[in-house]
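What follows is a short report on a single structure.
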Number of protein chains: 2
Amino acid sequence: MYRTHNCGELRISDVGKTVTLSGWVQKTRDKGFMMWIDLRDRYGITQLIFSEEQTDKNLFEKARGLGREFVIQVTGSVIERASKNDKIPTGGVEIEVSELNILNESKLPPFTIENETDGGEELRMKYRYLDLRRTPVQSNIIFRSKVAIETRKYLSEHGFIEVETPNLIKSTPEGARDFIVPSRMNPGQFYALPQSPQTFKQILMVSGLDKYFQIVKCFRDEDLRADRQPEFTQIDCEMSFVEQEDILQTFEGLTRYLFKAARGIDLPAFPRMTYDEAMSLYGSDKPDTRFGMQFVELNDLGKGKGFGVFDNAELVVGICVDGIAAQYSNKDIKKLTEWIQRPQIGAKGLVYVKINEDGSIKSSVGKFFNEEDLRAWADKFNAKPGDMLFVLSGETDKTRKQLNELRLEMGRRLGLMDPNEFKPLWVLDFPLLEWDEESERFHAMHHPFTSPKKQDIPRMLNGDFETMKSLRADAYDLVINGAEIGGGSIRIHDRALQEKNFKLLGFTQEEAEEQFGFLMGAFEYGAPPHGGIAFGFDRLCAIMSGQQSIRDFIAFPKNNQGRDMMIDAPARIAPEQLDELNLDLKILEEVE
Amino acid sequence: MYRTHNCGELRISDVGKTVTLSGWVQKTRDKGFMMWIDLRDRYGITQLIFSEEQTDKNLFEKARGLGREFVIQVTGSVIERASKNDKIPTGGVEIEVSELNILNESKLPPFTIENETDGGEELRMKYRYLDLRRTPVQSNIIFRSKVAIETRKYLSEHGFIEVETPNLIKSTPEGARDFIVPSRMNPGQFYALPQSPQTFKQILMVSGLDKYFQIVKCFRDEDLRADRQPEFTQIDCEMSFVEQEDILQTFEGLTRYLFKAARGIDLPAFPRMTYDEAMSLYGSDKPDTRFGMQFVELNDLGKGKGFGVFDNAELVVGICVDGIAAQYSNKDIKKLTEWIQRPQIGAKGLVYVKINEDGSIKSSVGKFFNEEDLRAWADKFNAKPGDMLFVLSGETDKTRKQLNELRLEMGRRLGLMDPNEFKPLWVLDFPLLEWDEESERFHAMHHPFTSPKKQDIPRMLNGDFETMKSLRADAYDLVINGAEIGGGSIRIHDRALQEKNFKLLGFTQEEAEEQFGFLMGAFEYGAPPHGGIAFGFDRLCAIMSGQQSIRDFIAFPKNNQGRDMMIDAPARIAPEQLDELNLDLKILEEVE
């Protein structure tokens, strides 16, 4: 027994008790005749006091030798503090130490273990065990644990069974790249790590499990963008005998419950919007609805006035930004135009209309549009004096994407994205298929197991190319504050329809059979109608905390090269290991 | 909405309601003018009734066309059953069907979906989705989910935080073989899948997390014995500022709680026994204490009487089996002797002593031992008339192992291993090191991070070879009914001691640094004393259910060749995948 109490629990009511605490030396204040040490553990900080009057001389000297992050055990009496600290729950008391035991020493940490540290990201990744001692990082990890507990509680209470699906499965090179695992016992053969338990959870539905969930690691060997990880965690769910509405209700319930249980927040309504609406109103299938600036299309008013840029555009579309007309100088507008012309966004130009406070109107396209024209624009936007319109034009999809970026940027600049305000939104009726110009084939917008909407099935079975592009799926995303936190669909449960879908996606019959034959086989033995959803758990935790980076919610994240800086993985392995697996390195010289 | 109720919830109080159910056709009984169908889902079975009098003719004909495992949706009235079935909760009612909708058809399943099926193991593995429809299999999976929930509940309530540790880590070829994962982004480098999160959970202790747990997949590329799986699940736990006693208390509490919460069973006391005691009393470090037959050593009484076999043996040791003297004929004894001489066990012979009901004594070694000698043996065993002694001799370790096998066999034959009786036992004070004759080096009995007992540390730092063999560790196993369900240790938290241990285990300094440098580095920055335990979760679920095979508690197990028969993995992968990973197959011809 190294302690009777932890460092977060002693209160004024404990005064007079003899206690033993263990923890880390957070800070020492030495006034010569008196010395205080902040002793830290996961639960809090307790102040230790040493004084010439009360403390044994040797003990005082020993305490004086303690460095930052030493691990110590102390025994002493709880006394009332002369000057209390209201900021921490233990701030009313301190420990008059009578015994001190150094459990372990510490070298000077390479960065300070404080809420605001002086350590850079690389250093903190390498010494992750020290970074994890900092309260903000540790709180994130503890918060994640709490969200997981509450998720399991809600789903269990709603009849879901958690089932572990295998991690050593088969490679299905559709979609993202698989991580593969050579099989020693089956030379020349490989397992793959699952990108998601998709087919297994469908199999569980065929097996009659009715309601499944799993908080589960998934793996994707992708080139990592800033906030992607090669291994990430999903809340993965599937239900039988359900339609889309059942799933939306159930998981709106889960989301509402999690925010309440883990953060004490009552979420507002979950409005619904089709994919088409989301694209035309926000230029995004995950709009941030914490603020307005919905897109207004101007093809009717913008074309036919001799402004060639608009006349030749597929789409003329803009947003109205409230009350900024007075603030945006020509220089500001020029900068904003340059911002939107950067290759990452790629707009050709930016048209603005200022509705000044005095009622006058100023625009970069005044040459082509008279005041009456522009006032008609303003009316269409419901713009008030002081507002400013930004208008883009060009090919529909590209223009919407660019305007989405501009809208988000204006939201950021105007402080409209309060990290503690949460606006959920269901986006529904995603397209079933997505035409990929590069590979000249259809991709599944969600995944190949997604069911087309019932009314679209006849068109799917007999349609032409354009029909295929217009098919809608029973697929849905849950969006909060502009981030997709979950997505799912009703699945195909009929072999013939599944075969048709694989065919549309460019699978040969052999490929479909080899990769997913077991699932199509299962469909022949009484597969129930079913559907599900998966939440990105790392992202959910970050969003719920009003934070951006998923990396801060993963205990041991990898960097952008997929490397664990602490353990230094991946790494070379022994040649015997490769031998046993029947493998050779291809270009040994280059990697030596 | 495919249903208003599930197939397990309608009762006599629901009579008169119009309900909609969905499920699988379990069984049809057709009496011509009347027909009953058992409709099944995860929740139970509800009887449907169709009759010439009440049912629409077309509907009746449609119902008659239903095959086993068809998925249907029916609407109808709940009526009271004429002849009730007391065996199922829904047995008081049936549904008079007015609408029938076939949701999916089913081919005839390759085996019957009944509690006792006619399908062999291979077939059931291939069609796992059908096997999982059988109540005993589905119950196991649901039971597992329940045990996981209760585990998380107990540990969370005791302040443990669940933290996910990474699955893509570094290969450390100590112990079992790693599964490796080639890194595409770091050519020539490899991740490994974790055999356990051991080093990460220790790192979490260094980071001040205080109490960690995780229900986590682990991976070992071992040649599979009957009941091993390449991926398996652990309840993995670690605590800071603890001594062995704290861990035993906490996890005795967990085990007790789980049996109560998941099975309603109050476990008896958890006695404790040292490894040495367990070996000398049972010849095993995981004794089945549901029955007696403790070993009694006979070196004092057995040697020096001219029986060379005993005289030359290192150990003479036996068990006393109650009340079987009258039943074991010479033929039976001969058979038993042959059984124990099989190469799997390898005893040279079997000495018996019968203490007959009439008080007379008969023995296979009567030539060397007179009645007085044998009566002294019997007294040492506390044998009563009717009992029988079996005695083995030879080299200590081997003889104990053989006698352990015999003891278990006699327990089985006499029905002393009641699957619904649970006898827990802590085995303590395991040796730190184990000498391996073959490789002529020490192995860690538990793992290289295990701390020697405090009092043994000085001997460890300065001891000779024999001393090293005698070192004891703060390592403990939790055994129930002869199965190890958990094991753990207090860990080393001091860099110097850890280095010394690696050295004893034959690591060069470079190897130790390369593989575990991050952990030893962490020990230099204020590592607290810590220790932990891991439970084999699959095994725990099986044991708690009074069952043997862990495979029956895994939704998608692999067979003895590490193969998933349903999805047919592992499998060949596309040559482009190998190319991307910089790999070649070594002996392509042989595996083509």
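Ordering of the structure tokens sets the chain letters (A, B, ...), residue numbers begin anew at 1 in every chain, and ligands are numbered from 1 in the order given.
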Members of range 394-494 of chain B assigned strand (DSSP E) by DSSP, as an MDAnalysis selection string
chainID B and resid 394 424:428 433:436 441:444 475:480 483:490
Using only C-alpha atoms: which of A:Ile37, A:Pro182, A:Gly65, A:Pro89 has the shortest distance to Leu578 in chain B
A:Pro182
Name the residues in contact with Phe556 in chain A at a cut-off of 9 Å, using only C-alpha atoms, excluding same-chain residues fewer than 3 positions from it; report them as JSON, numbers by chain.
{"A": [125, 128, 551, 553, 564, 566], "B": [164, 165, 166, 200]}
Generate the output file for the selected residues, N, CA and C atoms, as a tab-separated table (two decimals), in the first residue's frame.
```tsv
chain	number	residue	atom	x	y	z
A	125	MET	N	6.03	14.03	-29.14
A	125	MET	CA	5.70	12.70	-29.67
A	125	MET	C	6.72	11.66	-29.19
A	128	ARG	N	6.25	10.81	-25.46
A	128	ARG	CA	4.79	10.86	-25.29
A	128	ARG	C	4.41	10.61	-23.83
A	551	ARG	N	-5.55	13.64	-33.27
A	551	ARG	CA	-4.31	13.14	-32.70
A	551	ARG	C	-4.24	13.38	-31.19
A	553	PHE	N	-6.56	13.02	-29.22
A	553	PHE	CA	-7.45	12.12	-28.51
A	553	PHE	C	-7.04	10.66	-28.67
A	564	ASP	N	5.49	5.85	-35.38
A	564	ASP	CA	5.38	6.05	-33.94
A	564	ASP	C	6.74	6.53	-33.45
A	566	MET	N	7.76	7.43	-30.58
A	566	MET	CA	8.23	6.98	-29.27
A	566	MET	C	8.93	5.64	-29.36
B	164	GLU	N	-6.96	2.92	-25.50
B	164	GLU	CA	-6.61	2.09	-26.65
B	164	GLU	C	-5.14	2.26	-26.97
B	165	THR	N	-4.43	1.17	-27.01
B	165	THR	CA	-3.02	1.20	-27.38
B	165	THR	C	-2.90	0.79	-28.86
B	166	PRO	N	-1.81	1.15	-29.51
B	166	PRO	CA	-1.75	0.92	-30.96
B	166	PRO	C	-1.63	-0.55	-31.36
B	200	PHE	N	3.19	-0.66	-23.63
B	200	PHE	CA	2.36	0.55	-23.67
B	200	PHE	C	1.64	0.79	-22.35
```
Here is a test: counting only C-alpha atoms, which residue of B:Asp579, B:Glu357, B:Glu297, B:Asp552 is nearest to Asn140 in chain B?
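Smallest distance to Asn140 in chain B is found for B:Asp552.
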Quick one: of B:Ser284, B:Asn104, B:Gln73, B:Ser156, who's nearest to Asp494 in chain A, counting only C-alpha atoms?
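Among the listed residues, the smallest separation from Asp494 in chain A belongs to B:Asn104.
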From a backbone DSSP assignment, name each residue in range 320-422 of chain B labelled alpha helix (DSSP H), as number ranges by chain.
B: 330-341, 371-381, 396-413
May I have the residues within 8 Å of Val391 in chain A as a ChimeraX atom specification, using only C-alpha atoms and disregarding those fewer than 2 positions away in the same chain?
/A:316-319,350-352,389,393
Residues at most 12 Å from Thr117 in chain A, counting only C-alpha atoms, excluding those fewer than 2 positions away in the same chain, as a compact mmCIF listing (two decimals) with N, CA and C atoms, in the first residue's frame?
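Okay, this is what ended up in out.txt:
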```txt
# COMPACT_ATOMS: atom_id res chain seq x y z
N PRO A 109 13.06 16.79 -17.34
CA PRO A 109 12.28 16.52 -18.56
C PRO A 109 12.68 17.47 -19.68
N PRO A 110 12.61 17.00 -20.92
CA PRO A 110 13.01 17.83 -22.07
C PRO A 110 12.02 18.96 -22.36
N PHE A 111 10.88 18.96 -21.71
CA PHE A 111 9.96 20.11 -21.82
C PHE A 111 9.18 20.18 -20.51
N THR A 112 8.55 21.31 -20.28
CA THR A 112 7.85 21.48 -19.00
C THR A 112 6.53 20.73 -19.01
N ILE A 113 6.23 20.13 -17.85
CA ILE A 113 4.98 19.38 -17.70
C ILE A 113 3.94 20.36 -17.16
N GLU A 114 3.50 21.24 -18.03
CA GLU A 114 2.52 22.26 -17.65
C GLU A 114 1.42 22.28 -18.70
N ASN A 115 0.31 22.93 -18.40
CA ASN A 115 -0.78 23.01 -19.39
C ASN A 115 -0.28 23.61 -20.70
N GLY A 119 7.50 22.44 -25.20
CA GLY A 119 7.98 21.38 -26.09
C GLY A 119 7.31 21.43 -27.44
N GLY A 120 8.10 21.26 -28.51
CA GLY A 120 7.54 21.19 -29.85
C GLY A 120 6.90 19.84 -30.09
N GLU A 121 6.17 19.70 -31.23
CA GLU A 121 5.39 18.49 -31.45
C GLU A 121 6.26 17.24 -31.55
N LEU A 123 9.18 16.58 -30.27
CA LEU A 123 9.73 16.22 -28.97
C LEU A 123 8.65 15.60 -28.10
N ARG A 124 7.47 16.18 -28.18
CA ARG A 124 6.39 15.65 -27.35
C ARG A 124 5.94 14.28 -27.83
N LEU A 130 5.73 11.70 -21.25
CA LEU A 130 5.78 12.96 -20.49
C LEU A 130 4.66 13.89 -20.94
N ASP A 131 4.41 13.90 -22.25
CA ASP A 131 3.32 14.73 -22.77
C ASP A 131 1.99 14.29 -22.14
N LEU A 132 1.84 12.98 -21.98
CA LEU A 132 0.60 12.45 -21.41
C LEU A 132 0.44 12.81 -19.92
N ARG A 133 1.52 13.31 -19.31
CA ARG A 133 1.37 13.77 -17.93
C ARG A 133 0.71 15.13 -17.86
N ARG A 134 0.71 15.86 -18.98
CA ARG A 134 0.12 17.20 -18.95
C ARG A 134 -1.40 17.11 -18.89
N THR A 135 -1.99 17.94 -18.06
CA THR A 135 -3.43 17.84 -17.81
C THR A 135 -4.28 17.89 -19.08
N PRO A 136 -4.02 18.81 -20.03
CA PRO A 136 -4.92 18.85 -21.19
C PRO A 136 -4.88 17.55 -21.99
N VAL A 137 -3.70 16.95 -22.13
CA VAL A 137 -3.59 15.71 -22.90
C VAL A 137 -4.25 14.56 -22.13
```
Selection near Gly411 in chain A, 12 Å with only C-alpha atoms, sequence-local residues under 6 positions removed, as a PyMOL selection string:
chain A and resi 287-294+319-322+324+404-405+417-418+481-482
Export of the given selection (all heavy atoms) as a CSV table (one decimal), in the first residue's frame:
```csv
chain,number,residue,atom,x,y,z
A,287,PRO,N,-22.1,20.5,-44.3
A,287,PRO,CA,-22.1,22.0,-44.0
A,287,PRO,C,-22.0,22.3,-42.5
A,287,PRO,O,-22.5,21.5,-41.7
A,287,PRO,CB,-23.4,22.4,-44.5
A,287,PRO,CG,-24.3,21.2,-44.7
A,287,PRO,CD,-23.3,20.0,-44.8
A,288,ASP,N,-21.3,23.3,-42.2
A,288,ASP,CA,-21.2,23.8,-40.8
A,288,ASP,C,-22.5,24.7,-40.7
A,288,ASP,O,-22.5,25.8,-41.2
A,288,ASP,CB,-20.0,24.6,-40.6
A,288,ASP,CG,-19.8,25.0,-39.2
A,288,ASP,OD1,-20.8,25.1,-38.4
A,288,ASP,OD2,-18.6,25.1,-38.7
A,289,THR,N,-23.4,24.3,-39.9
A,289,THR,CA,-24.7,25.1,-39.8
A,289,THR,C,-24.7,25.9,-38.5
A,289,THR,O,-25.8,26.4,-38.1
A,289,THR,CB,-25.9,24.1,-39.9
A,289,THR,OG1,-25.7,23.1,-38.9
A,289,THR,CG2,-26.1,23.6,-41.2
A,290,ARG,N,-23.6,26.2,-38.0
A,290,ARG,CA,-23.5,27.1,-36.8
A,290,ARG,C,-23.8,28.6,-37.3
A,290,ARG,O,-24.1,29.4,-36.5
A,290,ARG,CB,-22.2,27.1,-36.1
A,290,ARG,CG,-22.1,25.9,-35.2
A,290,ARG,CD,-20.7,25.8,-34.6
A,290,ARG,NE,-19.7,25.5,-35.6
A,290,ARG,CZ,-18.4,25.4,-35.3
A,290,ARG,NH1,-18.0,25.5,-34.1
A,290,ARG,NH2,-17.6,25.1,-36.3
A,291,PHE,N,-23.6,28.8,-38.6
A,291,PHE,CA,-23.9,30.1,-39.1
A,291,PHE,C,-24.6,30.0,-40.5
A,291,PHE,O,-24.6,28.9,-41.1
A,291,PHE,CB,-22.6,30.9,-39.2
A,291,PHE,CG,-21.6,30.4,-40.1
A,291,PHE,CD1,-21.4,30.9,-41.4
A,291,PHE,CD2,-20.7,29.3,-39.7
A,291,PHE,CE1,-20.4,30.4,-42.2
A,291,PHE,CE2,-19.8,28.8,-40.5
A,291,PHE,CZ,-19.6,29.3,-41.8
A,292,GLY,N,-25.1,31.1,-40.9
A,292,GLY,CA,-25.9,31.1,-42.2
A,292,GLY,C,-25.1,31.2,-43.4
A,292,GLY,O,-24.4,30.3,-43.8
A,293,MET,N,-25.2,32.4,-44.2
A,293,MET,CA,-24.5,32.5,-45.4
A,293,MET,C,-24.8,31.4,-46.4
A,293,MET,O,-23.9,30.9,-47.1
A,293,MET,CB,-23.0,32.5,-45.2
A,293,MET,CG,-22.4,33.7,-44.4
A,293,MET,SD,-20.6,33.7,-44.5
A,293,MET,CE,-20.2,34.4,-42.9
A,294,GLN,N,-26.1,31.0,-46.4
A,294,GLN,CA,-26.4,30.0,-47.4
A,294,GLN,C,-26.3,30.5,-48.8
A,294,GLN,O,-26.4,31.7,-49.1
A,294,GLN,CB,-27.9,29.6,-47.2
A,294,GLN,CG,-28.1,28.7,-45.9
A,294,GLN,CD,-29.5,28.1,-45.8
A,294,GLN,OE1,-30.4,28.6,-46.6
A,294,GLN,NE2,-29.7,27.2,-44.9
A,319,ILE,N,-22.7,34.3,-51.7
A,319,ILE,CA,-23.2,34.3,-50.3
A,319,ILE,C,-23.3,35.8,-49.9
A,319,ILE,O,-22.6,36.7,-50.5
A,319,ILE,CB,-22.2,33.6,-49.3
A,319,ILE,CG1,-20.8,34.2,-49.5
A,319,ILE,CG2,-22.2,32.1,-49.6
A,319,ILE,CD1,-19.8,33.6,-48.5
A,320,CYS,N,-24.0,36.0,-48.8
A,320,CYS,CA,-24.2,37.4,-48.3
A,320,CYS,C,-23.6,37.3,-46.9
A,320,CYS,O,-24.0,36.5,-46.1
A,320,CYS,CB,-25.7,37.7,-48.2
A,320,CYS,SG,-26.0,39.2,-47.3
A,321,VAL,N,-22.6,38.2,-46.7
A,321,VAL,CA,-21.9,38.3,-45.3
A,321,VAL,C,-22.5,39.5,-44.6
A,321,VAL,O,-22.3,40.6,-45.1
A,321,VAL,CB,-20.4,38.3,-45.5
A,321,VAL,CG1,-19.8,38.2,-44.1
A,321,VAL,CG2,-19.9,37.2,-46.4
A,322,ASP,N,-23.0,39.3,-43.4
A,322,ASP,CA,-23.7,40.3,-42.7
A,322,ASP,C,-22.7,41.4,-42.2
A,322,ASP,O,-21.7,41.1,-41.6
A,322,ASP,CB,-24.4,39.8,-41.5
A,322,ASP,CG,-25.7,39.0,-41.9
A,322,ASP,OD1,-26.0,38.9,-43.1
A,322,ASP,OD2,-26.4,38.5,-41.0
A,324,ILE,N,-20.4,43.5,-43.0
A,324,ILE,CA,-18.9,43.7,-43.2
A,324,ILE,C,-18.6,44.8,-44.2
A,324,ILE,O,-17.4,45.1,-44.4
A,324,ILE,CB,-18.2,42.4,-43.5
A,324,ILE,CG1,-18.6,41.9,-44.9
A,324,ILE,CG2,-18.4,41.4,-42.4
A,324,ILE,CD1,-17.6,40.9,-45.5
A,404,ASN,N,-17.8,27.2,-50.9
A,404,ASN,CA,-17.8,26.6,-49.6
A,404,ASN,C,-16.6,27.0,-48.8
A,404,ASN,O,-16.7,27.4,-47.6
A,404,ASN,CB,-17.8,25.1,-49.8
A,404,ASN,CG,-17.6,24.3,-48.5
A,404,ASN,OD1,-18.2,24.6,-47.5
A,404,ASN,ND2,-16.6,23.4,-48.5
A,405,GLU,N,-15.4,27.0,-49.5
A,405,GLU,CA,-14.2,27.5,-48.8
A,405,GLU,C,-14.3,28.9,-48.3
A,405,GLU,O,-13.9,29.3,-47.2
A,405,GLU,CB,-13.0,27.3,-49.7
A,405,GLU,CG,-12.7,25.9,-50.1
A,405,GLU,CD,-12.1,25.0,-48.9
A,405,GLU,OE1,-11.7,25.6,-47.9
A,405,GLU,OE2,-12.2,23.8,-49.0
A,417,MET,N,-17.8,30.4,-35.6
A,417,MET,CA,-17.7,29.0,-35.3
A,417,MET,C,-17.3,28.7,-33.8
A,417,MET,O,-16.2,28.4,-33.5
A,417,MET,CB,-16.6,28.4,-36.2
A,417,MET,CG,-17.1,28.4,-37.7
A,417,MET,SD,-15.7,28.5,-38.8
A,417,MET,CE,-15.9,27.1,-39.8
A,418,ASP,N,-18.3,29.0,-33.0
A,418,ASP,CA,-18.1,28.8,-31.6
A,418,ASP,C,-17.8,27.3,-31.3
A,418,ASP,O,-18.7,26.5,-31.5
A,418,ASP,CB,-19.3,29.3,-30.8
A,418,ASP,CG,-19.2,29.1,-29.3
A,418,ASP,OD1,-18.3,28.5,-28.9
A,418,ASP,OD2,-20.2,29.6,-28.6
A,481,ASN,N,-21.2,20.6,-36.9
A,481,ASN,CA,-20.3,21.7,-37.0
A,481,ASN,C,-19.3,21.6,-38.2
A,481,ASN,O,-18.1,21.9,-38.1
A,481,ASN,CB,-19.4,21.9,-35.7
A,481,ASN,CG,-20.3,22.4,-34.6
A,481,ASN,OD1,-21.5,22.5,-34.7
A,481,ASN,ND2,-19.7,22.6,-33.4
A,482,GLY,N,-19.9,21.0,-39.3
A,482,GLY,CA,-19.1,20.9,-40.5
A,482,GLY,C,-18.2,19.7,-40.5
A,482,GLY,O,-17.4,19.6,-41.5
```
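In terms of minimum interatomic distance to Lys57 in chain A, A:Glu99 ranks closest within A:Glu99, A:Ile79, A:Trp36, A:Ile161, counting only C-alpha atoms.
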Selection near Gln234 in chain A, 8 Å with only C-alpha atoms, sequence-local residues under 4 positions removed, as an MDAnalysis selection string
chainID A and resid 214:218 534:538
Keeping only all heavy atoms, write the selected residues as a short mmCIF file (atom, residue, chain, number, x, y, z; two decimals), in the first residue's frame.
```cif
data_model
loop_
_atom_site.label_atom_id
_atom_site.label_comp_id
_atom_site.auth_asym_id
_atom_site.auth_seq_id
_atom_site.Cartn_x
_atom_site.Cartn_y
_atom_site.Cartn_z
N GLN A 214 -19.79 -2.34 -32.10
CA GLN A 214 -18.42 -2.62 -31.70
C GLN A 214 -17.66 -1.29 -31.73
O GLN A 214 -17.82 -0.51 -32.67
CB GLN A 214 -17.80 -3.63 -32.67
CG GLN A 214 -16.45 -4.15 -32.22
CD GLN A 214 -15.79 -5.15 -33.19
OE1 GLN A 214 -14.81 -5.76 -32.86
NE2 GLN A 214 -16.33 -5.30 -34.38
N ILE A 215 -16.90 -1.05 -30.70
CA ILE A 215 -15.94 0.05 -30.79
C ILE A 215 -14.64 -0.61 -31.23
O ILE A 215 -14.08 -1.42 -30.49
CB ILE A 215 -15.80 0.79 -29.44
CG1 ILE A 215 -17.17 1.36 -29.03
CG2 ILE A 215 -14.76 1.91 -29.54
CD1 ILE A 215 -17.16 2.20 -27.77
N VAL A 216 -14.20 -0.29 -32.43
CA VAL A 216 -13.26 -1.19 -33.10
C VAL A 216 -12.19 -0.42 -33.87
O VAL A 216 -12.46 0.62 -34.47
CB VAL A 216 -14.05 -2.14 -34.05
CG1 VAL A 216 -14.81 -1.36 -35.11
CG2 VAL A 216 -13.16 -3.18 -34.67
N LYS A 217 -10.97 -0.97 -33.82
CA LYS A 217 -9.87 -0.40 -34.60
C LYS A 217 -10.04 -0.75 -36.07
O LYS A 217 -10.36 -1.89 -36.41
CB LYS A 217 -8.55 -1.03 -34.13
CG LYS A 217 -7.90 -0.35 -32.94
CD LYS A 217 -7.17 0.92 -33.31
CE LYS A 217 -6.58 1.61 -32.10
NZ LYS A 217 -5.45 0.88 -31.54
N CYS A 218 -9.79 0.23 -36.92
CA CYS A 218 -9.80 0.01 -38.36
C CYS A 218 -8.47 0.51 -38.92
O CYS A 218 -7.79 1.31 -38.29
CB CYS A 218 -10.96 0.75 -38.99
SG CYS A 218 -12.55 0.24 -38.33
N ALA A 534 -21.57 3.99 -38.95
CA ALA A 534 -20.31 3.96 -38.21
C ALA A 534 -19.93 5.40 -37.88
O ALA A 534 -20.04 6.29 -38.72
CB ALA A 534 -19.22 3.29 -39.03
N PHE A 535 -19.51 5.59 -36.66
CA PHE A 535 -19.03 6.90 -36.21
C PHE A 535 -17.51 6.87 -36.14
O PHE A 535 -16.94 5.91 -35.64
CB PHE A 535 -19.55 7.22 -34.82
CG PHE A 535 -21.01 7.56 -34.76
CD1 PHE A 535 -21.97 6.56 -34.84
CD2 PHE A 535 -21.42 8.87 -34.61
CE1 PHE A 535 -23.32 6.87 -34.79
CE2 PHE A 535 -22.77 9.18 -34.55
CZ PHE A 535 -23.72 8.19 -34.65
N GLY A 536 -16.86 7.90 -36.60
CA GLY A 536 -15.42 8.03 -36.39
C GLY A 536 -15.21 8.44 -34.94
O GLY A 536 -15.53 9.56 -34.55
N PHE A 537 -14.71 7.50 -34.15
CA PHE A 537 -14.69 7.72 -32.70
C PHE A 537 -13.68 8.78 -32.28
O PHE A 537 -13.95 9.63 -31.42
CB PHE A 537 -14.41 6.39 -31.99
CG PHE A 537 -14.53 6.49 -30.50
CD1 PHE A 537 -15.74 6.82 -29.91
CD2 PHE A 537 -13.44 6.25 -29.68
CE1 PHE A 537 -15.86 6.93 -28.53
CE2 PHE A 537 -13.54 6.36 -28.31
CZ PHE A 537 -14.74 6.70 -27.73
N ASP A 538 -12.51 8.75 -32.91
CA ASP A 538 -11.48 9.75 -32.59
C ASP A 538 -12.02 11.15 -32.89
O ASP A 538 -11.92 12.07 -32.08
CB ASP A 538 -10.21 9.49 -33.41
CG ASP A 538 -9.81 8.02 -33.40
OD1 ASP A 538 -9.42 7.53 -32.34
OD2 ASP A 538 -9.92 7.36 -34.45
#
```
Counting only C-alpha atoms, the option among B:Gln327, B:Ser363, B:Gln577, B:Gln547 closest to chain A
B:Gln577
In Å, how far is it from CA of Asp221 in chain A to CA of Arg177 in chain A?
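Interatomic distance here is 5.1 Å.
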